[in-house]
Protein chains: 2
Amino acid sequence: MVASLKPANPGDSICDIETPALILDLDLFEENLRRFDRSIVGNNVRVRPHAKSHKCPAIAKIQIGRGAAGVCCQKTSEAEIMVANGITDVLVSNQVVTPKKILRIVELSKKASVSVLVDNPENVNLINDIASKHNVRVRVLIELDVGANRCGVTDDHSLLQLAKSIQNSPFITFIGIHAYQGRAQHVRNKVEREALIRTAIEKVLHARDLLESLGFSCDYVTGAGTGTYEFEAASGVYSEIQPGSYIFMDADYGKNLDENQKPVSEFLQSLFVLTTVMSTANPKRPIVDAGLKSLSVDSGLPLVFDSKTMYVGASDEHGVLESPEDTYKIGDTLRLIPGHCDPTVNLYDWIVCVRGNNVEDTWPILARGASI
Amino acid sequence: MVASLKPANPGDSICDIETPALILDLDLFEENLRRFDRSIVGNNVRVRPHAKSHKCPAIAKIQIGRGAAGVCCQKTSEAEIMVANGITDVLVSNQVVTPKKILRIVELSKKASVSVLVDNPENVNLINDIASKHNVRVRVLIELDVGANRCGVTDDHSLLQLAKSIQNSPFITFIGIHAYQGRAQHVRNKVEREALIRTAIEKVLHARDLLESLGFSCDYVTGAGTGTYEFEAASGVYSEIQPGSYIFMDADYGKNLDENQKPVSEFLQSLFVLTTVMSTANPKRPIVDAGLKSLSVDSGLPLVFDSKTMYVGASDEHGVLESPEDTYKIGDTLRLIPGHCDPTVNLYDWIVCVRGNNVEDTWPILARGASI
């Protein structure tokens, strides 16, 4: 982490922030935390927020302070960084298949409550072999493909083979079922989102029956994201939910619709990329200093917050605006709503936490770039 | 830079590299350097490679060791990191408009030969004011919009106003004209690429005549990228070229066509993302461990090197393959060709340099994330 890359310090005015900068509006962030807590009242589910969204131990600690059981991570290195920074319960919601990474999971299991996903018997055998050499028991969840068409077992025969491999692995402890319907999160129509989760729940119940017939105890069923967690939380089948983006939101989640076909409004946009106008040579197309290296455009270009101005083009370090009404001067700043929060956060070393016109705190994104 | 994020060490076998990893095939990289040198023989142009592609002082030093005059950077913090690591001549090929950044350029100008672009008289006045307080002369180039429709003056009236503001600024030294036709770089048809550069050259000549009529000396004309530099280099008008991607190449540049409507072949793909198969639950759609946080997809999904397998979908940390012929086992590794090299390099802290089956070196990407 290079010191010269820190865009602001606590006590600065927002006018002092070097741009482009990732800024978190603390009033809105805290309101999202409160709204989330209210949204699950009456549901008997544990909360394990996904740290892949923030990659920031400071935020993980806030979530755990509000009752979260721990966090999910997507990669071994993310988990190592979370554990090194005081997080004691991490679910690596992914397959860990290479001997070096499995060894890292074994070592991490000595320091914290760590679990990983499995969907392949050979992988189970390899984990068991490595764990046995270190006399450590590795905690695993069976991943089911419940419609995301990504990882996870897809049929009863594969599930049976996987279950047998676990039963034959003394250094592996089965703890539950992982069933994340990633594809449902951004389905715009709420009725369709709910239907996809209903199908996922049916697949979970079928797999649970099969596993329980083999003597597995399947009380622990985990999954769900910001777009659908209300359904999993109310299902009585999922015992844990894993939302990540609810704390920040982004332009893509903002396109999801509620039961009235209106954009969802459960959560507020709290995360922005602060950018500065650096050229008005063409006044109708001002150029800002945030481009592809400051915004992930995989889910579309960013939106300009609270304005009719549009961000219409990105190159490495330039963003092109079109302003039908507004006129901009060089040095003007704008707040951009990232198209996709997770990979955008992953571009930054610091989250600049603002309240009103002040920089209240700066949180290092310690797991930025932790993909191995 | 977190130690646990280093995917390999010199002396490792490529089998030991933790994935996803950014790997540079040194034999191919060095061949690209030789091919580039040959490609400009007989042209009277200086070379100033663009460091925004690699963000890596180790590569900048190799380029300067082969005769480059220095490097281009796109951001002030990139320039600071290059200078702090021994690069003594840096053109910041961008506007620097806020007082804090201008002050950083003033401070950097005390340590190295630094220049910036201007396209606005008020910006010139502000640079002059800040430079005067520190008794430093800031070297500027006038940026012309020669067709990229981004920054840069667009008409004679604006150019005259800008020129006057420079003449009235005792702490600003005009050194030349910046004319980069960014849009031409990825125009597929070579005849069209050349035509766009011919138009750019006409704009440069017109502006040069106007500036020389005001007493400016315009021997220094700089611009050009990997897609078009052969035209600027042969023009007799450009005195310097700024290619960046030629050392790495990517899938997007690979779509440019030569005079025979065949994919360009001047340079070889030397940069890859090494990825590992982590799930074969659906054998027809293997899942690899490189997704949106390991590959920038702004210019399209990556290609699978030397294979008919296709990379068909990316989520944060998963890539979905379709393999019509090949079958994959868990743990198999593949080389992916990034869709766009520059923002992909910006996701990594390390370039793992491989030769044959060995890791020969690891270069820190010290300016990774340097966007402020």
# chains A, B, ... in the order shown; residues from 1 in each chain; ligands from 1
$ interface_residues --of "chain B" --to "chain A" --cutoff "8 Å" --atoms "only C-alpha atoms" --output "compact mmCIF listing (two decimals) with C-alpha atoms, in the first residue's frame"
# COMPACT_ATOMS: atom_id res chain seq x y z
CA MET B 1 1.37 -4.48 -0.73
CA VAL B 2 0.35 -7.54 1.32
CA SER B 4 0.37 -13.03 1.20
CA LEU B 5 -0.59 -11.70 -2.21
CA PRO B 7 1.91 -15.59 -6.05
CA GLU B 18 -0.56 -19.44 -6.90
CA THR B 19 -3.42 -18.47 -9.20
CA PRO B 20 -4.91 -16.29 -10.46
CA ALA B 21 -1.56 -14.71 -11.34
CA GLN B 74 -1.34 9.21 -16.92
CA LYS B 75 -1.60 10.34 -13.31
CA SER B 77 0.77 9.55 -8.43
CA GLN B 95 -4.42 17.57 -17.32
CA VAL B 96 -3.56 18.34 -13.68
CA VAL B 97 -6.15 20.81 -12.42
CA THR B 98 -6.55 20.83 -8.64
CA LYS B 100 -3.05 19.93 -4.44
CA LYS B 101 -2.10 17.97 -7.55
CA ASP B 119 -5.95 22.71 -22.64
CA ASN B 120 -7.44 25.53 -20.55
CA ASN B 123 -5.63 25.92 -15.53
CA ARG B 150 -11.54 13.65 -25.12
CA CYS B 151 -9.30 16.39 -23.71
CA GLY B 152 -7.45 18.92 -25.86
CA VAL B 153 -8.23 22.21 -27.59
CA THR B 154 -10.60 21.86 -30.51
CA MET B 278 -11.57 -25.31 -9.50
CA SER B 279 -14.80 -27.07 -10.41
CA THR B 280 -15.82 -29.61 -13.03
CA ALA B 281 -19.21 -30.36 -11.47
CA ASN B 282 -20.54 -29.62 -14.94
CA ILE B 287 -15.07 -23.14 -13.63
CA LEU B 292 -13.85 -9.85 -12.68
CA LYS B 293 -11.30 -9.12 -9.96
CA SER B 294 -8.50 -10.76 -11.96
CA SER B 296 -10.79 -6.35 -16.76
CA VAL B 297 -13.63 -7.16 -19.17
CA ASP B 298 -14.21 -3.59 -20.41
CA ASP B 316 -16.29 -11.65 -9.17
CA GLU B 317 -13.96 -14.62 -8.61
CA HIS B 318 -15.27 -17.27 -11.05
CA VAL B 320 -17.00 -20.05 -16.77
CA ILE B 330 -9.61 -29.95 -11.15
CA GLY B 331 -6.22 -28.29 -10.70
CA ASP B 342 -3.80 -1.95 -19.00
CA PRO B 343 -6.70 -2.21 -16.52
CA ASN B 346 -3.83 -2.58 -12.56
CA LEU B 347 -5.54 -5.39 -10.61
CA TYR B 348 -2.26 -7.04 -9.58
CA ASP B 349 0.59 -6.22 -7.21
CA LEU B 366 4.47 -0.30 -7.74
CA GLY B 369 -3.88 1.68 -8.17
CA ALA B 370 -2.06 4.99 -8.62
CA SER B 371 -4.98 6.99 -10.02
CA ILE B 372 -4.81 10.17 -7.93
$ residues_around --residues "stretch 32-41 of chain B" --least-positions-apart "5" --cutoff "8 Å" --atoms "only C-alpha atoms" --output "list in words"
Glu230, Ala233, Tyr246, Ile247, Phe248, Glu266, Phe267 and Leu268 of chain B
$ write_last_selection --atoms "all heavy atoms" --output "tab-separated table (two decimals), in the first residue's frame"
chain	number	residue	atom	x	y	z
B	230	GLU	N	3.32	3.41	-36.09
B	230	GLU	CA	4.14	3.35	-37.32
B	230	GLU	C	3.86	4.56	-38.21
B	230	GLU	O	4.76	5.05	-38.90
B	230	GLU	CB	3.88	2.05	-38.07
B	230	GLU	CG	2.47	1.90	-38.59
B	230	GLU	CD	2.26	0.58	-39.34
B	230	GLU	OE1	2.93	0.33	-40.35
B	230	GLU	OE2	1.39	-0.20	-38.87
B	233	ALA	N	5.33	7.73	-36.49
B	233	ALA	CA	6.80	7.67	-36.53
B	233	ALA	C	7.34	8.04	-37.91
B	233	ALA	O	8.41	8.65	-38.03
B	233	ALA	CB	7.27	6.27	-36.13
B	246	TYR	N	2.45	-2.50	-26.65
B	246	TYR	CA	3.25	-3.37	-27.54
B	246	TYR	C	4.06	-4.41	-26.77
B	246	TYR	O	4.36	-5.49	-27.30
B	246	TYR	CB	4.20	-2.53	-28.40
B	246	TYR	CG	5.35	-1.90	-27.65
B	246	TYR	CD1	6.62	-2.47	-27.66
B	246	TYR	CD2	5.17	-0.74	-26.89
B	246	TYR	CE1	7.67	-1.91	-26.94
B	246	TYR	CE2	6.20	-0.17	-26.18
B	246	TYR	CZ	7.45	-0.76	-26.21
B	246	TYR	OH	8.49	-0.20	-25.50
B	247	ILE	N	4.39	-4.11	-25.52
B	247	ILE	CA	5.21	-5.08	-24.75
B	247	ILE	C	4.40	-6.30	-24.31
B	247	ILE	O	4.95	-7.37	-24.10
B	247	ILE	CB	5.84	-4.40	-23.51
B	247	ILE	CG1	4.77	-3.75	-22.61
B	247	ILE	CG2	6.87	-3.36	-23.95
B	247	ILE	CD1	5.30	-3.20	-21.30
B	248	PHE	N	3.07	-6.10	-24.17
B	248	PHE	CA	2.19	-7.16	-23.64
B	248	PHE	C	1.22	-7.71	-24.69
B	248	PHE	O	1.04	-8.91	-24.81
B	248	PHE	CB	1.34	-6.61	-22.49
B	248	PHE	CG	2.07	-6.15	-21.27
B	248	PHE	CD1	1.61	-5.06	-20.54
B	248	PHE	CD2	3.20	-6.82	-20.82
B	248	PHE	CE1	2.26	-4.64	-19.39
B	248	PHE	CE2	3.85	-6.41	-19.66
B	248	PHE	CZ	3.38	-5.31	-18.95
B	266	GLU	N	2.59	-7.91	-35.63
B	266	GLU	CA	3.87	-7.25	-35.29
B	266	GLU	C	4.38	-7.73	-33.94
B	266	GLU	O	5.59	-7.89	-33.74
B	266	GLU	CB	3.70	-5.73	-35.23
B	266	GLU	CG	3.56	-5.05	-36.57
B	266	GLU	CD	2.10	-4.87	-36.97
B	266	GLU	OE1	1.24	-5.64	-36.46
B	266	GLU	OE2	1.82	-3.99	-37.79
B	267	PHE	N	3.45	-7.93	-32.99
B	267	PHE	CA	3.85	-8.24	-31.62
B	267	PHE	C	3.18	-9.53	-31.14
B	267	PHE	O	2.12	-9.92	-31.65
B	267	PHE	CB	3.53	-7.07	-30.69
B	267	PHE	CG	4.24	-5.81	-31.07
B	267	PHE	CD1	3.55	-4.74	-31.64
B	267	PHE	CD2	5.61	-5.71	-30.91
B	267	PHE	CE1	4.23	-3.59	-32.03
B	267	PHE	CE2	6.31	-4.56	-31.29
B	267	PHE	CZ	5.60	-3.50	-31.85
B	268	LEU	N	3.81	-10.15	-30.18
B	268	LEU	CA	3.33	-11.44	-29.66
B	268	LEU	C	2.64	-11.23	-28.32
B	268	LEU	O	2.99	-10.31	-27.57
B	268	LEU	CB	4.53	-12.38	-29.47
B	268	LEU	CG	5.41	-12.58	-30.71
B	268	LEU	CD1	6.69	-13.33	-30.34
B	268	LEU	CD2	4.63	-13.32	-31.78
$ residues_around --residues "B:Val187" --least-positions-apart "6" --cutoff "10 Å" --atoms "only C-alpha atoms" --output "PyMOL selection string"
chain B and resi 193-194+196+227-228+253+255-257
$ residues_around --residues "A:Lys284" --least-positions-apart "6" --cutoff "10 Å" --atoms "only C-alpha atoms" --output "list in words"
Val320, Leu321, Glu322, Ser323, Pro324, Glu325, Asp326, Thr327 and Tyr328 of chain A
$ select_by_dssp --residues "stretch 48-264 of chain A" --states "strand (DSSP E)" --output "PyMOL selection string"
chain A and resi 71-73+89-95+113-118+138-143+172-178+221-223+240-241
$ write_last_selection --atoms "N, CA and C atoms" --output "compact mmCIF listing (two decimals), in the first residue's frame"
# COMPACT_ATOMS: atom_id res chain seq x y z
N VAL A 71 -17.81 -13.73 8.70
CA VAL A 71 -17.95 -13.25 7.32
C VAL A 71 -17.73 -14.40 6.36
N CYS A 72 -18.20 -14.19 5.14
CA CYS A 72 -17.79 -15.02 4.01
C CYS A 72 -16.63 -14.33 3.33
N CYS A 73 -15.71 -15.12 2.80
CA CYS A 73 -14.70 -14.64 1.87
C CYS A 73 -14.79 -15.50 0.63
N ASP A 89 -14.12 -16.05 12.46
CA ASP A 89 -15.03 -17.03 11.87
C ASP A 89 -15.24 -16.68 10.41
N VAL A 90 -14.65 -17.48 9.52
CA VAL A 90 -14.67 -17.17 8.09
C VAL A 90 -15.09 -18.40 7.30
N LEU A 91 -16.10 -18.22 6.46
CA LEU A 91 -16.50 -19.22 5.48
C LEU A 91 -15.91 -18.81 4.13
N VAL A 92 -15.00 -19.63 3.60
CA VAL A 92 -14.49 -19.39 2.25
C VAL A 92 -15.52 -20.02 1.31
N SER A 93 -16.36 -19.18 0.73
CA SER A 93 -17.52 -19.68 -0.04
C SER A 93 -17.08 -20.02 -1.46
N ASN A 94 -16.11 -20.94 -1.55
CA ASN A 94 -15.51 -21.29 -2.81
C ASN A 94 -14.73 -22.60 -2.65
N GLN A 95 -14.38 -23.19 -3.80
CA GLN A 95 -13.58 -24.41 -3.80
C GLN A 95 -12.10 -24.04 -3.63
N SER A 113 -12.04 -20.26 13.14
CA SER A 113 -13.07 -21.16 12.63
C SER A 113 -13.21 -20.90 11.14
N VAL A 114 -12.71 -21.83 10.34
CA VAL A 114 -12.65 -21.66 8.89
C VAL A 114 -13.37 -22.83 8.23
N SER A 115 -14.11 -22.55 7.18
CA SER A 115 -14.76 -23.62 6.42
C SER A 115 -14.64 -23.30 4.93
N VAL A 116 -14.70 -24.36 4.11
CA VAL A 116 -14.60 -24.22 2.65
C VAL A 116 -15.69 -25.07 1.99
N LEU A 117 -15.90 -24.81 0.71
CA LEU A 117 -16.90 -25.55 -0.05
C LEU A 117 -16.25 -26.70 -0.82
N VAL A 118 -16.99 -27.78 -1.00
CA VAL A 118 -16.52 -28.89 -1.84
C VAL A 118 -17.64 -29.31 -2.78
N VAL A 138 -10.54 -30.26 8.72
CA VAL A 138 -11.02 -29.15 7.89
C VAL A 138 -12.54 -29.23 7.78
N ARG A 139 -13.19 -28.10 8.03
CA ARG A 139 -14.65 -28.03 8.01
C ARG A 139 -15.12 -27.70 6.59
N VAL A 140 -16.02 -28.51 6.07
CA VAL A 140 -16.48 -28.29 4.69
C VAL A 140 -18.01 -28.22 4.63
N LEU A 141 -18.47 -27.48 3.65
CA LEU A 141 -19.87 -27.48 3.25
C LEU A 141 -19.97 -28.05 1.85
N ILE A 142 -20.97 -28.84 1.60
CA ILE A 142 -21.23 -29.32 0.25
C ILE A 142 -21.90 -28.20 -0.53
N GLU A 143 -21.32 -27.82 -1.67
CA GLU A 143 -21.97 -26.81 -2.50
C GLU A 143 -22.92 -27.48 -3.48
N ILE A 172 -11.91 -34.60 7.68
CA ILE A 172 -12.87 -33.62 7.15
C ILE A 172 -14.14 -33.69 7.98
N THR A 173 -14.62 -32.51 8.39
CA THR A 173 -15.86 -32.42 9.13
C THR A 173 -16.92 -31.75 8.24
N PHE A 174 -17.98 -32.49 7.96
CA PHE A 174 -19.09 -31.91 7.22
C PHE A 174 -19.88 -31.01 8.16
N ILE A 175 -20.12 -29.77 7.74
CA ILE A 175 -20.89 -28.88 8.62
C ILE A 175 -22.20 -28.41 8.00
N GLY A 176 -22.35 -28.52 6.68
CA GLY A 176 -23.62 -28.05 6.14
C GLY A 176 -23.66 -27.98 4.62
N ILE A 177 -24.67 -27.28 4.14
CA ILE A 177 -24.96 -27.16 2.71
C ILE A 177 -24.82 -25.69 2.31
N HIS A 178 -24.11 -25.48 1.19
CA HIS A 178 -23.99 -24.14 0.62
C HIS A 178 -24.81 -24.10 -0.65
N VAL A 221 -27.71 -24.54 6.57
CA VAL A 221 -27.88 -24.26 5.14
C VAL A 221 -27.62 -22.78 4.94
N THR A 222 -26.63 -22.46 4.10
CA THR A 222 -26.24 -21.06 3.94
C THR A 222 -26.21 -20.65 2.47
N GLY A 223 -26.46 -19.37 2.24
CA GLY A 223 -26.48 -18.79 0.90
C GLY A 223 -27.14 -17.43 0.94
N GLU A 240 -28.76 -19.46 7.43
CA GLU A 240 -27.78 -18.37 7.39
C GLU A 240 -27.88 -17.68 6.04
N ILE A 241 -27.70 -16.36 6.04
CA ILE A 241 -27.70 -15.59 4.79
C ILE A 241 -26.38 -14.82 4.67
$ atom_distance --atom1 "atom CA of B:Gly236" --atom2 "atom CA of B:Ile64"
22.7 Å
$ closest_residue --among "A:Ser109, A:Gln185, A:Asn135, A:Gln63" --to "A:Gly254" --atoms "only C-alpha atoms"
A:Gln185
$ residues_around --residues "B:Val237" --least-positions-apart "2" --cutoff "8 Å" --atoms "only C-alpha atoms" --output "list in words"
Ile201, Leu205, Val221, Glu232, Ser235 and Ser239 of chain B
$ write_last_selection --atoms "N, CA and C atoms" --output "compact mmCIF listing (two decimals), in the first residue's frame"
# COMPACT_ATOMS: atom_id res chain seq x y z
N ILE B 201 -2.50 14.44 -38.18
CA ILE B 201 -1.27 15.16 -38.57
C ILE B 201 -1.63 16.51 -39.19
N LEU B 205 -0.29 20.10 -37.90
CA LEU B 205 0.42 21.08 -38.75
C LEU B 205 -0.27 22.43 -38.70
N VAL B 221 6.61 17.33 -30.91
CA VAL B 221 5.23 16.87 -31.12
C VAL B 221 5.19 15.40 -30.69
N GLU B 232 2.64 7.69 -37.17
CA GLU B 232 3.19 8.91 -36.56
C GLU B 232 4.73 8.91 -36.67
N SER B 235 5.86 10.06 -39.99
CA SER B 235 5.23 11.29 -40.50
C SER B 235 6.20 12.43 -40.72
N SER B 239 7.74 14.05 -33.30
CA SER B 239 9.14 13.84 -32.92
C SER B 239 9.27 12.78 -31.83
$ decode --residues "stretch 245-337 of chain A" --atoms "C-alpha atoms" --output "mmCIF file, in the first residue's frame"
data_model
loop_
_atom_site.group_PDB
_atom_site.id
_atom_site.type_symbol
_atom_site.label_atom_id
_atom_site.label_comp_id
_atom_site.auth_asym_id
_atom_site.auth_seq_id
_atom_site.Cartn_x
_atom_site.Cartn_y
_atom_site.Cartn_z
ATOM 1 C CA SER A 245 -23.739 -5.360 -1.361
ATOM 2 C CA TYR A 246 -26.541 -4.106 0.929
ATOM 3 C CA ILE A 247 -24.081 -1.876 2.773
ATOM 4 C CA PHE A 248 -23.022 -0.026 -0.416
ATOM 5 C CA MET A 249 -25.466 -0.747 -3.293
ATOM 6 C CA ASP A 250 -24.641 0.043 -6.931
ATOM 7 C CA ALA A 251 -26.229 1.015 -10.237
ATOM 8 C CA ASP A 252 -26.874 -2.605 -11.178
ATOM 9 C CA TYR A 253 -28.733 -3.469 -7.943
ATOM 10 C CA GLY A 254 -30.569 -0.186 -8.415
ATOM 11 C CA LYS A 255 -32.188 -1.684 -11.525
ATOM 12 C CA ASN A 256 -33.923 -4.441 -9.538
ATOM 13 C CA LEU A 257 -37.655 -3.810 -9.195
ATOM 14 C CA ASP A 258 -39.946 -4.197 -6.202
ATOM 15 C CA GLU A 259 -43.461 -5.694 -6.140
ATOM 16 C CA ASN A 260 -44.808 -2.452 -7.677
ATOM 17 C CA GLN A 261 -42.293 -2.631 -10.559
ATOM 18 C CA LYS A 262 -40.519 0.358 -9.015
ATOM 19 C CA PRO A 263 -36.744 0.364 -8.399
ATOM 20 C CA VAL A 264 -35.947 -1.353 -5.105
ATOM 21 C CA SER A 265 -35.620 1.082 -2.220
ATOM 22 C CA GLU A 266 -34.689 -1.125 0.748
ATOM 23 C CA PHE A 267 -31.168 0.272 0.774
ATOM 24 C CA LEU A 268 -29.555 3.607 -0.040
ATOM 25 C CA GLN A 269 -26.571 4.254 -2.285
ATOM 26 C CA SER A 270 -23.807 4.929 0.245
ATOM 27 C CA LEU A 271 -20.717 4.227 -1.888
ATOM 28 C CA PHE A 272 -19.489 6.664 -4.517
ATOM 29 C CA VAL A 273 -16.463 7.403 -6.619
ATOM 30 C CA LEU A 274 -15.626 11.066 -6.171
ATOM 31 C CA THR A 275 -14.288 12.466 -9.437
ATOM 32 C CA THR A 276 -13.056 15.851 -10.698
ATOM 33 C CA VAL A 277 -13.712 17.618 -13.997
ATOM 34 C CA MET A 278 -10.306 18.001 -15.640
ATOM 35 C CA SER A 279 -11.222 19.271 -19.100
ATOM 36 C CA THR A 280 -14.042 21.344 -20.541
ATOM 37 C CA ALA A 281 -12.387 21.864 -23.920
ATOM 38 C CA ASN A 282 -15.682 20.583 -25.293
ATOM 39 C CA PRO A 283 -18.208 22.103 -22.816
ATOM 40 C CA LYS A 284 -20.932 19.681 -23.894
ATOM 41 C CA ARG A 285 -18.665 16.714 -23.102
ATOM 42 C CA PRO A 286 -16.711 17.441 -19.923
ATOM 43 C CA ILE A 287 -13.952 14.987 -19.029
ATOM 44 C CA VAL A 288 -13.530 13.654 -15.479
ATOM 45 C CA ASP A 289 -10.551 11.914 -13.888
ATOM 46 C CA ALA A 290 -12.230 8.536 -13.161
ATOM 47 C CA GLY A 291 -12.041 5.881 -15.869
ATOM 48 C CA LEU A 292 -11.594 2.138 -16.186
ATOM 49 C CA LYS A 293 -8.947 2.031 -13.454
ATOM 50 C CA SER A 294 -11.280 3.713 -10.959
ATOM 51 C CA LEU A 295 -14.604 2.087 -11.894
ATOM 52 C CA SER A 296 -15.415 -1.464 -12.917
ATOM 53 C CA VAL A 297 -17.731 -1.268 -15.922
ATOM 54 C CA ASP A 298 -18.530 -5.009 -16.131
ATOM 55 C CA SER A 299 -22.159 -4.277 -15.186
ATOM 56 C CA GLY A 300 -22.415 -1.003 -17.060
ATOM 57 C CA LEU A 301 -21.110 2.538 -16.848
ATOM 58 C CA PRO A 302 -21.525 4.484 -13.610
ATOM 59 C CA LEU A 303 -24.364 6.916 -12.974
ATOM 60 C CA VAL A 304 -23.848 10.532 -11.960
ATOM 61 C CA PHE A 305 -25.441 10.965 -8.540
ATOM 62 C CA ASP A 306 -28.317 13.426 -8.251
ATOM 63 C CA SER A 307 -27.929 14.842 -11.760
ATOM 64 C CA LYS A 308 -29.190 14.502 -15.322
ATOM 65 C CA THR A 309 -25.581 14.433 -16.477
ATOM 66 C CA MET A 310 -24.595 11.097 -17.974
ATOM 67 C CA TYR A 311 -21.262 9.269 -17.865
ATOM 68 C CA VAL A 312 -21.115 8.044 -21.460
ATOM 69 C CA GLY A 313 -17.589 6.734 -22.008
ATOM 70 C CA ALA A 314 -14.597 5.415 -20.099
ATOM 71 C CA SER A 315 -10.960 5.023 -21.061
ATOM 72 C CA ASP A 316 -8.160 4.063 -18.673
ATOM 73 C CA GLU A 317 -8.090 7.306 -16.698
ATOM 74 C CA HIS A 318 -10.725 9.473 -18.415
ATOM 75 C CA GLY A 319 -14.495 9.544 -18.112
ATOM 76 C CA VAL A 320 -16.617 11.334 -20.704
ATOM 77 C CA LEU A 321 -19.751 13.134 -19.484
ATOM 78 C CA GLU A 322 -22.703 14.475 -21.406
ATOM 79 C CA SER A 323 -24.485 17.319 -19.657
ATOM 80 C CA PRO A 324 -27.772 18.331 -21.307
ATOM 81 C CA GLU A 325 -28.410 20.992 -18.664
ATOM 82 C CA ASP A 326 -25.577 21.364 -16.218
ATOM 83 C CA THR A 327 -22.432 23.220 -17.069
ATOM 84 C CA TYR A 328 -19.168 22.279 -15.427
ATOM 85 C CA LYS A 329 -16.008 24.135 -14.603
ATOM 86 C CA ILE A 330 -12.576 22.603 -14.323
ATOM 87 C CA GLY A 331 -12.117 21.396 -10.746
ATOM 88 C CA ASP A 332 -15.811 20.688 -10.132
ATOM 89 C CA THR A 333 -16.371 17.373 -8.353
ATOM 90 C CA LEU A 334 -19.151 14.836 -8.882
ATOM 91 C CA ARG A 335 -20.226 11.664 -7.114
ATOM 92 C CA LEU A 336 -20.441 8.629 -9.393
ATOM 93 C CA ILE A 337 -22.519 5.553 -8.538
#
